[in-house]
>>> print(open('my_file18.cif').read())   # mmCIF, C-alpha atoms
data_model
#
loop_
_atom_site.group_PDB
_atom_site.id
_atom_site.type_symbol
_atom_site.label_atom_id
_atom_site.label_comp_id
_atom_site.auth_asym_id
_atom_site.auth_seq_id
_atom_site.Cartn_x
_atom_site.Cartn_y
_atom_site.Cartn_z
ATOM 1 C CA MET A 381 47.622 -61.593 -81.505
ATOM 2 C CA SER A 382 45.327 -58.699 -81.659
ATOM 3 C CA GLY A 383 42.680 -60.881 -80.151
ATOM 4 C CA GLU A 384 44.887 -61.759 -77.190
ATOM 5 C CA HIS A 385 45.726 -58.064 -76.685
ATOM 6 C CA GLN A 386 42.118 -57.248 -76.557
ATOM 7 C CA LYS A 387 41.487 -60.124 -74.187
ATOM 8 C CA ASP A 388 44.202 -59.105 -71.725
ATOM 9 C CA GLN A 389 43.158 -55.420 -71.673
ATOM 10 C CA PRO A 390 41.382 -54.618 -68.337
ATOM 11 C CA ALA A 391 37.782 -53.850 -68.607
ATOM 12 C CA ASP A 392 36.701 -50.259 -67.956
ATOM 13 C CA ASP A 393 34.808 -50.635 -64.656
ATOM 14 C CA SER A 394 34.634 -46.856 -63.908
ATOM 15 C CA PHE A 395 31.250 -45.155 -63.349
ATOM 16 C CA GLU A 396 30.135 -41.640 -62.635
ATOM 17 C CA PHE A 397 29.103 -40.465 -59.087
ATOM 18 C CA ASN A 398 26.179 -38.096 -58.737
ATOM 19 C CA ASP A 399 27.131 -35.861 -55.785
ATOM 20 C CA GLU A 400 24.150 -33.533 -56.080
ATOM 21 C CA MET A 401 21.666 -33.399 -53.114
ATOM 22 C CA PRO A 402 18.147 -34.481 -53.822
ATOM 23 C CA GLN A 403 16.216 -31.494 -54.947
ATOM 24 C CA SER A 404 13.132 -30.488 -52.990
ATOM 25 C CA GLU A 405 9.898 -30.130 -54.767
ATOM 26 C CA PRO A 406 9.147 -26.600 -55.887
ATOM 27 C CA GLY A 407 7.368 -24.629 -53.109
ATOM 28 C CA ALA A 408 8.273 -27.123 -50.330
ATOM 29 C CA GLU A 409 10.007 -25.827 -47.153
ATOM 30 C CA SER A 410 13.355 -27.177 -46.060
ATOM 31 C CA ASP A 411 13.823 -28.859 -42.680
ATOM 32 C CA PHE A 412 15.705 -25.803 -41.417
ATOM 33 C CA GLU A 413 12.878 -23.476 -42.365
ATOM 34 C CA VAL A 414 10.332 -25.748 -40.683
ATOM 35 C CA LEU A 415 12.462 -25.900 -37.527
ATOM 36 C CA THR A 416 12.883 -22.122 -37.500
ATOM 37 C CA LYS A 417 9.158 -21.612 -37.858
ATOM 38 C CA LEU A 418 8.389 -24.077 -35.048
ATOM 39 C CA MET A 419 10.876 -22.366 -32.741
ATOM 40 C CA ALA A 420 9.321 -18.966 -33.472
ATOM 41 C CA GLU A 421 5.830 -20.345 -32.771
ATOM 42 C CA ASN A 422 7.084 -21.930 -29.543
ATOM 43 C CA GLU A 423 8.593 -18.616 -28.410
ATOM 44 C CA ASP A 424 5.358 -16.809 -29.224
ATOM 45 C CA LEU A 425 3.346 -19.342 -27.215
ATOM 46 C CA ARG A 426 5.784 -18.991 -24.320
ATOM 47 C CA ASP A 427 5.402 -15.207 -24.326
ATOM 48 C CA ARG A 428 1.632 -15.525 -24.376
ATOM 49 C CA ALA A 429 1.715 -17.963 -21.466
ATOM 50 C CA LEU A 430 3.924 -15.602 -19.432
ATOM 51 C CA ARG A 431 1.625 -12.652 -20.137
ATOM 52 C CA ILE A 432 -1.438 -14.640 -19.137
ATOM 53 C CA ALA A 433 0.284 -15.804 -15.948
ATOM 54 C CA ALA A 434 1.220 -12.190 -15.103
ATOM 55 C CA GLU A 435 -2.331 -11.001 -15.757
ATOM 56 C CA MET A 436 -3.742 -13.765 -13.564
ATOM 57 C CA GLU A 437 -1.329 -12.840 -10.756
ATOM 58 C CA ASN A 438 -2.339 -9.169 -11.005
ATOM 59 C CA LEU A 439 -6.000 -10.181 -10.972
ATOM 60 C CA ARG A 440 -5.408 -12.347 -7.905
ATOM 61 C CA ARG A 441 -3.717 -9.471 -6.089
ATOM 62 C CA ARG A 442 -6.468 -7.004 -7.016
ATOM 63 C CA THR A 443 -9.114 -9.448 -5.876
ATOM 64 C CA ALA A 444 -7.317 -10.052 -2.575
ATOM 65 C CA ARG A 445 -6.986 -6.279 -2.052
ATOM 66 C CA ASP A 446 -10.655 -5.713 -2.855
ATOM 67 C CA VAL A 447 -11.683 -8.454 -0.439
ATOM 68 C CA HIS A 448 -9.450 -6.968 2.261
ATOM 69 C CA ASP A 449 -10.852 -3.476 1.683
ATOM 70 C CA ALA A 450 -14.406 -4.802 1.730
ATOM 71 C CA ARG A 451 -13.790 -6.494 5.068
ATOM 72 C CA SER A 452 -11.956 -3.517 6.549
ATOM 73 C CA TYR A 453 -14.159 -0.684 5.329
ATOM 74 C CA ALA A 454 -17.573 -2.288 4.920
ATOM 75 C CA ILE A 455 -18.785 -0.711 8.169
ATOM 76 C CA ALA A 456 -17.280 2.716 7.449
ATOM 77 C CA ASN A 457 -20.624 4.428 6.822
ATOM 78 C CA PHE A 458 -22.243 2.680 9.780
ATOM 79 C CA ALA A 459 -19.313 3.582 12.036
ATOM 80 C CA ARG A 460 -19.484 7.206 10.928
ATOM 81 C CA ASP A 461 -23.160 7.323 11.913
ATOM 82 C CA MET A 462 -22.386 5.734 15.287
ATOM 83 C CA LEU A 463 -19.831 8.452 15.976
ATOM 84 C CA SER A 464 -22.671 10.974 15.949
ATOM 85 C CA VAL A 465 -24.447 8.925 18.607
ATOM 86 C CA SER A 466 -21.256 8.791 20.659
ATOM 87 C CA ASP A 467 -20.891 12.564 20.361
ATOM 88 C CA ASN A 468 -24.417 13.027 21.670
ATOM 89 C CA LEU A 469 -23.693 10.772 24.630
ATOM 90 C CA ARG A 470 -20.595 12.824 25.431
ATOM 91 C CA ARG A 471 -22.571 16.068 25.136
ATOM 92 C CA ALA A 472 -25.194 14.680 27.512
ATOM 93 C CA ILE A 473 -22.497 13.897 30.089
ATOM 94 C CA GLU A 474 -20.843 17.301 29.742
ATOM 95 C CA ALA A 475 -24.211 19.082 29.958
ATOM 96 C CA VAL A 476 -24.617 18.028 33.580
ATOM 97 C CA PRO A 477 -23.380 20.869 35.823
ATOM 98 C CA ALA A 478 -20.361 19.986 37.927
ATOM 99 C CA GLU A 479 -22.219 21.057 41.094
ATOM 100 C CA ALA A 480 -25.095 18.719 40.324
ATOM 101 C CA ALA A 481 -22.747 15.829 39.552
ATOM 102 C CA ALA A 482 -20.920 16.409 42.829
ATOM 103 C CA SER A 483 -24.103 16.815 44.869
ATOM 104 C CA GLY A 484 -24.241 13.126 45.630
ATOM 105 C CA ASP A 485 -27.710 12.537 44.192
ATOM 106 C CA ALA A 486 -27.850 8.782 43.668
ATOM 107 C CA GLY A 487 -30.269 8.925 40.753
ATOM 108 C CA LEU A 488 -28.265 11.516 38.818
ATOM 109 C CA LYS A 489 -24.994 9.747 39.576
ATOM 110 C CA GLY A 490 -26.399 6.462 38.310
ATOM 111 C CA LEU A 491 -27.660 8.123 35.145
ATOM 112 C CA ILE A 492 -24.239 9.658 34.443
ATOM 113 C CA GLU A 493 -22.478 6.351 35.037
ATOM 114 C CA GLY A 494 -24.945 4.578 32.731
ATOM 115 C CA VAL A 495 -24.393 7.061 29.923
ATOM 116 C CA GLU A 496 -20.607 6.840 30.330
ATOM 117 C CA MET A 497 -20.772 3.037 30.291
ATOM 118 C CA THR A 498 -22.856 3.125 27.109
ATOM 119 C CA GLU A 499 -20.353 5.457 25.468
ATOM 120 C CA ARG A 500 -17.403 3.231 26.421
ATOM 121 C CA SER A 501 -19.219 0.122 25.206
ATOM 122 C CA MET A 502 -20.015 1.705 21.843
ATOM 123 C CA LEU A 503 -16.465 2.952 21.301
ATOM 124 C CA GLY A 504 -15.103 -0.446 22.358
ATOM 125 C CA ALA A 505 -17.318 -2.199 19.813
ATOM 126 C CA LEU A 506 -16.168 0.175 17.083
ATOM 127 C CA GLU A 507 -12.524 -0.362 18.041
ATOM 128 C CA ARG A 508 -12.932 -4.136 17.745
ATOM 129 C CA HIS A 509 -13.971 -3.527 14.137
ATOM 130 C CA GLY A 510 -10.902 -1.419 13.319
ATOM 131 C CA VAL A 511 -12.113 2.058 14.320
ATOM 132 C CA LYS A 512 -9.494 3.994 16.272
ATOM 133 C CA LYS A 513 -9.782 7.264 18.144
ATOM 134 C CA LEU A 514 -7.508 10.154 17.137
ATOM 135 C CA ASP A 515 -6.510 12.298 20.109
ATOM 136 C CA PRO A 516 -3.388 14.112 18.849
ATOM 137 C CA GLN A 517 -2.751 16.387 21.837
ATOM 138 C CA GLY A 518 0.896 17.479 21.708
ATOM 139 C CA GLU A 519 1.553 15.827 18.341
ATOM 140 C CA LYS A 520 2.659 17.502 15.128
ATOM 141 C CA PHE A 521 -0.230 18.693 12.997
ATOM 142 C CA ASP A 522 -1.030 16.260 10.172
ATOM 143 C CA PRO A 523 -3.471 17.587 7.548
ATOM 144 C CA ASN A 524 -4.306 14.013 6.556
ATOM 145 C CA PHE A 525 -5.819 13.296 9.983
ATOM 146 C CA HIS A 526 -6.361 16.690 11.606
ATOM 147 C CA GLN A 527 -8.390 19.780 10.802
ATOM 148 C CA ALA A 528 -6.988 23.053 12.146
ATOM 149 C CA MET A 529 -9.689 25.263 13.645
ATOM 150 C CA PHE A 530 -7.522 28.067 15.014
ATOM 151 C CA GLU A 531 -3.914 29.006 15.813
ATOM 152 C CA VAL A 532 -2.483 29.653 19.269
ATOM 153 C CA PRO A 533 0.634 31.857 19.612
ATOM 154 C CA ASN A 534 3.050 29.900 21.774
ATOM 155 C CA PRO A 535 6.805 30.500 21.339
ATOM 156 C CA ASP A 536 7.582 27.637 23.725
ATOM 157 C CA LEU A 537 6.249 24.990 21.311
ATOM 158 C CA PRO A 538 7.385 24.089 17.804
ATOM 159 C CA ALA A 539 5.159 25.594 15.127
ATOM 160 C CA ASN A 540 2.230 23.423 13.993
ATOM 161 C CA THR A 541 2.024 21.474 17.234
ATOM 162 C CA VAL A 542 -1.469 20.437 18.307
ATOM 163 C CA THR A 543 -2.142 22.412 21.479
ATOM 164 C CA GLN A 544 -5.841 21.677 21.889
ATOM 165 C CA VAL A 545 -8.235 18.981 20.651
ATOM 166 C CA VAL A 546 -11.672 20.487 20.136
ATOM 167 C CA GLN A 547 -13.181 17.236 18.918
ATOM 168 C CA PRO A 548 -11.380 13.878 18.641
ATOM 169 C CA GLY A 549 -11.184 12.240 15.251
ATOM 170 C CA TYR A 550 -11.534 8.623 14.186
ATOM 171 C CA SER A 551 -9.925 6.426 11.570
ATOM 172 C CA ILE A 552 -10.614 2.984 10.183
ATOM 173 C CA GLY A 553 -7.615 1.142 8.817
ATOM 174 C CA ASP A 554 -5.544 3.783 7.042
ATOM 175 C CA ARG A 555 -8.578 5.903 6.167
ATOM 176 C CA VAL A 556 -10.058 8.818 8.067
ATOM 177 C CA LEU A 557 -13.633 8.552 9.217
ATOM 178 C CA ARG A 558 -13.551 12.002 10.751
ATOM 179 C CA PRO A 559 -10.549 14.303 11.173
ATOM 180 C CA ALA A 560 -9.708 15.564 14.635
ATOM 181 C CA MET A 561 -10.592 19.232 15.032
ATOM 182 C CA VAL A 562 -7.640 20.906 16.695
ATOM 183 C CA GLY A 563 -5.889 24.150 17.544
ATOM 184 C CA VAL A 564 -2.246 24.461 16.543
ATOM 185 C CA SER A 565 0.677 26.497 17.828
ATOM 186 C CA LYS A 566 1.991 29.486 15.919
ATOM 187 C CA GLY A 567 5.200 31.435 16.078
ATOM 188 C CA GLY A 568 7.394 28.848 17.787
ATOM 189 C CA PRO A 569 10.524 27.232 16.349
ATOM 190 C CA LYS A 570 10.113 24.882 13.425
ATOM 191 C CA ALA A 571 9.948 21.220 14.323
ATOM 192 C CA VAL A 572 13.046 19.270 13.353
ATOM 193 C CA ALA A 573 12.349 15.726 12.200
ATOM 194 C CA ASN A 574 15.791 14.278 12.968
ATOM 195 C CA ALA A 575 18.491 16.301 14.656
ATOM 196 C CA ALA A 576 21.855 15.690 13.041
ATOM 197 C CA GLU A 577 24.378 13.826 15.133
ATOM 198 C CA PRO A 578 27.473 15.968 15.923
ATOM 199 C CA GLY A 579 30.355 14.857 13.754
ATOM 200 C CA PRO A 580 34.018 14.430 14.736
ATOM 201 C CA VAL A 581 35.856 17.569 15.698
ATOM 202 C CA ASN A 582 38.053 18.981 12.971
ATOM 203 C CA GLU A 583 41.064 20.215 14.939
ATOM 204 C CA GLN A 584 42.644 21.907 11.931
ATOM 205 C CA ALA A 585 39.466 23.851 11.217
ATOM 206 C CA GLU A 586 39.366 25.020 14.849
ATOM 207 C CA LYS A 587 42.957 26.162 14.630
ATOM 208 C CA ASP A 588 42.246 28.061 11.413
ATOM 209 C CA ALA A 589 39.251 29.714 13.077
#
>>> encode(input="my_file18.cif", output="structure tokens")
Amino acid sequence: MSGEHQKDQPADDSFEFNDEMPQSEPGAESDFEVLTKLMAENEDLRDRALRIAAEMENLRRRTARDVHDARSYAIANFARDMLSVSDNLRRAIEAVPAEAAASGDAGLKGLIEGVEMTERSMLGALERHGVKKLDPQGEKFDPNFHQAMFEVPNPDLPANTVTQVVQPGYSIGDRVLRPAMVGVSKGGPKAVANAAEPGPVNEQAEKDA
């Protein structure tokens, strides 16, 4: 009887589950830590690449500007020397007395015309290379391009207006080769850059007045 009871009793098939995660070896990094480190390294590399790209773009711009300046201003010293030659040609023309020039002497007339043609040809060649003449008669005085030699009292003109050009100036690009030597007005009204447009009439204000 006892034997049958023991025979019919169900066998104990239960077993224990081990729900613990596998333990990493001491000192080893987890997958999350490795991923975090890789992302940080990737961000650092990205920042370096952006900085290098920005530096290369700045270098490209500086190089392009230097090349442009070299092309534009390479003849600046030569042009400045040629202006002295042009001045001498102009002085030679102006040194001829008006009576002699009007006398009708063919030789003298031909000489004057030749000198004038040489002057025009030289200035034309300089202009083709970016040299421009500054003749600011009637313009507002600009200390960046003009050199004031004297002041002329003239109440009919705005103050600091160029009234006389003693010697024309020259520029190359946005640089001055030689400032124009000028006389400026003194004592006139101040020049107004932009006169204000009259606004709408305030009828109430007129009534109050």
>>> resolve_selection(input="my_file18.cif", expression="the PyMOL selection byres ((chain A and resi 545) around 9)", output="number ranges by chain")
A: 515-517, 542-544, 546-548, 560-563
>>> resolve_selection(input="my_file18.cif", expression="the PyMOL selection byres ((chain A and resi 439-453) around 12)", output="ChimeraX atom specification")
/A:432-438,454-460,506-511,551-557
>>> resolve_selection(input="my_file18.cif", expression="the PyMOL selection byres ((chain A and resi 566) around 8)", output="PyMOL selection string")
chain A and resi 531-535+538-540+564-565+567-568
>>> atom_distance(input="my_file18.cif", atom1="CA of Ala486 in chain A", atom2="CA of Leu463 in chain A")
28.8 Å
>>> atom_distance(input="my_file18.cif", atom1="CA of Gly494 in chain A", atom2="CA of Pro559 in chain A")
27.7 Å
>>> atom_distance(input="my_file18.cif", atom1="CA of Asp485 in chain A", atom2="CA of Asp467 in chain A")
24.8 Å
>>> axis_aligned_box(input="my_file18.cif", around="range 468-480 of chain A", padding_each_side="8 Å", output="lines of an AutoDock Vina configuration file")
center_x = -22.8
center_y = 15.9
center_z = 31.4
size_x = 20.8
size_y = 26.3
size_z = 35.4
>>> closest_residue(input="my_file18.cif", among="A:Ile492, A:Met497, A:Val465, A:Leu514", to="Gln527 in chain A", atoms="all atoms listed in the file")
A:Leu514
>>> decode(input="my_file18.cif", residues="range 410-446 of chain A", atoms="N, CA and C atoms", output="PDB file, in the first residue's frame")
ATOM      1  N   SER A 410      30.988  48.300 -20.613  1.00  0.00           N
ATOM      2  CA  SER A 410      29.713  47.815 -21.118  1.00  0.00           C
ATOM      3  C   SER A 410      29.480  48.331 -22.532  1.00  0.00           C
ATOM      4  N   ASP A 411      28.506  47.742 -23.222  1.00  0.00           N
ATOM      5  CA  ASP A 411      28.199  48.182 -24.588  1.00  0.00           C
ATOM      6  C   ASP A 411      27.759  49.641 -24.600  1.00  0.00           C
ATOM      7  N   PHE A 412      27.022  50.062 -23.595  1.00  0.00           N
ATOM      8  CA  PHE A 412      26.564  51.451 -23.532  1.00  0.00           C
ATOM      9  C   PHE A 412      27.729  52.411 -23.390  1.00  0.00           C
ATOM     10  N   GLU A 413      28.690  52.046 -22.561  1.00  0.00           N
ATOM     11  CA  GLU A 413      29.859  52.909 -22.383  1.00  0.00           C
ATOM     12  C   GLU A 413      30.675  52.991 -23.664  1.00  0.00           C
ATOM     13  N   VAL A 414      30.813  51.856 -24.355  1.00  0.00           N
ATOM     14  CA  VAL A 414      31.550  51.862 -25.627  1.00  0.00           C
ATOM     15  C   VAL A 414      30.847  52.737 -26.642  1.00  0.00           C
ATOM     16  N   LEU A 415      29.503  52.609 -26.724  1.00  0.00           N
ATOM     17  CA  LEU A 415      28.732  53.415 -27.667  1.00  0.00           C
ATOM     18  C   LEU A 415      28.851  54.897 -27.345  1.00  0.00           C
ATOM     19  N   THR A 416      28.785  55.235 -26.057  1.00  0.00           N
ATOM     20  CA  THR A 416      28.903  56.635 -25.654  1.00  0.00           C
ATOM     21  C   THR A 416      30.268  57.204 -26.033  1.00  0.00           C
ATOM     22  N   LYS A 417      31.294  56.407 -25.813  1.00  0.00           N
ATOM     23  CA  LYS A 417      32.639  56.862 -26.162  1.00  0.00           C
ATOM     24  C   LYS A 417      32.786  57.050 -27.671  1.00  0.00           C
ATOM     25  N   LEU A 418      32.244  56.140 -28.463  1.00  0.00           N
ATOM     26  CA  LEU A 418      32.327  56.257 -29.917  1.00  0.00           C
ATOM     27  C   LEU A 418      31.567  57.490 -30.413  1.00  0.00           C
ATOM     28  N   MET A 419      30.412  57.759 -29.825  1.00  0.00           N
ATOM     29  CA  MET A 419      29.656  58.942 -30.220  1.00  0.00           C
ATOM     30  C   MET A 419      30.414  60.219 -29.884  1.00  0.00           C
ATOM     31  N   ALA A 420      31.061  60.254 -28.727  1.00  0.00           N
ATOM     32  CA  ALA A 420      31.846  61.430 -28.343  1.00  0.00           C
ATOM     33  C   ALA A 420      33.019  61.620 -29.300  1.00  0.00           C
ATOM     34  N   GLU A 421      33.699  60.530 -29.660  1.00  0.00           N
ATOM     35  CA  GLU A 421      34.813  60.617 -30.603  1.00  0.00           C
ATOM     36  C   GLU A 421      34.325  61.075 -31.976  1.00  0.00           C
ATOM     37  N   ASN A 422      33.160  60.582 -32.391  1.00  0.00           N
ATOM     38  CA  ASN A 422      32.597  60.990 -33.678  1.00  0.00           C
ATOM     39  C   ASN A 422      32.265  62.475 -33.682  1.00  0.00           C
ATOM     40  N   GLU A 423      31.709  62.983 -32.580  1.00  0.00           N
ATOM     41  CA  GLU A 423      31.390  64.407 -32.491  1.00  0.00           C
ATOM     42  C   GLU A 423      32.655  65.251 -32.503  1.00  0.00           C
ATOM     43  N   ASP A 424      33.695  64.767 -31.837  1.00  0.00           N
ATOM     44  CA  ASP A 424      34.965  65.493 -31.831  1.00  0.00           C
ATOM     45  C   ASP A 424      35.562  65.545 -33.234  1.00  0.00           C
ATOM     46  N   LEU A 425      35.516  64.429 -33.952  1.00  0.00           N
ATOM     47  CA  LEU A 425      36.026  64.401 -35.321  1.00  0.00           C
ATOM     48  C   LEU A 425      35.213  65.325 -36.236  1.00  0.00           C
ATOM     49  N   ARG A 426      33.914  65.354 -36.010  1.00  0.00           N
ATOM     50  CA  ARG A 426      33.052  66.244 -36.808  1.00  0.00           C
ATOM     51  C   ARG A 426      33.409  67.705 -36.572  1.00  0.00           C
ATOM     52  N   ASP A 427      33.623  68.071 -35.292  1.00  0.00           N
ATOM     53  CA  ASP A 427      34.002  69.448 -34.992  1.00  0.00           C
ATOM     54  C   ASP A 427      35.341  69.803 -35.626  1.00  0.00           C
ATOM     55  N   ARG A 428      36.279  68.875 -35.569  1.00  0.00           N
ATOM     56  CA  ARG A 428      37.580  69.134 -36.183  1.00  0.00           C
ATOM     57  C   ARG A 428      37.444  69.325 -37.686  1.00  0.00           C
ATOM     58  N   ALA A 429      36.626  68.502 -38.321  1.00  0.00           N
ATOM     59  CA  ALA A 429      36.432  68.610 -39.763  1.00  0.00           C
ATOM     60  C   ALA A 429      35.799  69.952 -40.133  1.00  0.00           C
ATOM     61  N   LEU A 430      34.825  70.409 -39.328  1.00  0.00           N
ATOM     62  CA  LEU A 430      34.192  71.700 -39.595  1.00  0.00           C
ATOM     63  C   LEU A 430      35.176  72.849 -39.426  1.00  0.00           C
ATOM     64  N   ARG A 431      36.024  72.758 -38.387  1.00  0.00           N
ATOM     65  CA  ARG A 431      37.019  73.817 -38.177  1.00  0.00           C
ATOM     66  C   ARG A 431      38.028  73.856 -39.315  1.00  0.00           C
ATOM     67  N   ILE A 432      38.457  72.694 -39.754  1.00  0.00           N
ATOM     68  CA  ILE A 432      39.412  72.648 -40.868  1.00  0.00           C
ATOM     69  C   ILE A 432      38.786  73.204 -42.139  1.00  0.00           C
ATOM     70  N   ALA A 433      37.508  72.841 -42.380  1.00  0.00           N
ATOM     71  CA  ALA A 433      36.821  73.358 -43.565  1.00  0.00           C
ATOM     72  C   ALA A 433      36.696  74.879 -43.505  1.00  0.00           C
ATOM     73  N   ALA A 434      36.387  75.423 -42.307  1.00  0.00           N
ATOM     74  CA  ALA A 434      36.279  76.876 -42.155  1.00  0.00           C
ATOM     75  C   ALA A 434      37.631  77.554 -42.371  1.00  0.00           C
ATOM     76  N   GLU A 435      38.689  76.955 -41.839  1.00  0.00           N
ATOM     77  CA  GLU A 435      40.023  77.521 -42.027  1.00  0.00           C
ATOM     78  C   GLU A 435      40.432  77.493 -43.501  1.00  0.00           C
ATOM     79  N   MET A 436      40.092  76.422 -44.189  1.00  0.00           N
ATOM     80  CA  MET A 436      40.427  76.333 -45.614  1.00  0.00           C
ATOM     81  C   MET A 436      39.648  77.371 -46.415  1.00  0.00           C
ATOM     82  N   GLU A 437      38.373  77.607 -46.041  1.00  0.00           N
ATOM     83  CA  GLU A 437      37.587  78.617 -46.745  1.00  0.00           C
ATOM     84  C   GLU A 437      38.154  80.013 -46.503  1.00  0.00           C
ATOM     85  N   ASN A 438      38.563  80.302 -45.260  1.00  0.00           N
ATOM     86  CA  ASN A 438      39.180  81.594 -44.968  1.00  0.00           C
ATOM     87  C   ASN A 438      40.497  81.754 -45.732  1.00  0.00           C
ATOM     88  N   LEU A 439      41.271  80.679 -45.803  1.00  0.00           N
ATOM     89  CA  LEU A 439      42.527  80.736 -46.547  1.00  0.00           C
ATOM     90  C   LEU A 439      42.264  80.976 -48.026  1.00  0.00           C
ATOM     91  N   ARG A 440      41.222  80.330 -48.559  1.00  0.00           N
ATOM     92  CA  ARG A 440      40.894  80.527 -49.973  1.00  0.00           C
ATOM     93  C   ARG A 440      40.503  81.976 -50.245  1.00  0.00           C
ATOM     94  N   ARG A 441      39.706  82.547 -49.333  1.00  0.00           N
ATOM     95  CA  ARG A 441      39.283  83.936 -49.512  1.00  0.00           C
ATOM     96  C   ARG A 441      40.461  84.892 -49.409  1.00  0.00           C
ATOM     97  N   ARG A 442      41.345  84.649 -48.418  1.00  0.00           N
ATOM     98  CA  ARG A 442      42.522  85.524 -48.288  1.00  0.00           C
ATOM     99  C   ARG A 442      43.409  85.423 -49.518  1.00  0.00           C
ATOM    100  N   THR A 443      43.581  84.214 -50.025  1.00  0.00           N
ATOM    101  CA  THR A 443      44.411  84.044 -51.205  1.00  0.00           C
ATOM    102  C   THR A 443      43.806  84.753 -52.405  1.00  0.00           C
ATOM    103  N   ALA A 444      42.477  84.612 -52.579  1.00  0.00           N
ATOM    104  CA  ALA A 444      41.808  85.290 -53.688  1.00  0.00           C
ATOM    105  C   ALA A 444      41.937  86.805 -53.563  1.00  0.00           C
ATOM    106  N   ARG A 445      41.807  87.333 -52.318  1.00  0.00           N
ATOM    107  CA  ARG A 445      41.948  88.767 -52.107  1.00  0.00           C
ATOM    108  C   ARG A 445      43.370  89.226 -52.389  1.00  0.00           C
ATOM    109  N   ASP A 446      44.351  88.439 -51.958  1.00  0.00           N
ATOM    110  CA  ASP A 446      45.744  88.805 -52.207  1.00  0.00           C
ATOM    111  C   ASP A 446      46.053  88.806 -53.701  1.00  0.00           C
TER     112      ASP A 446
END
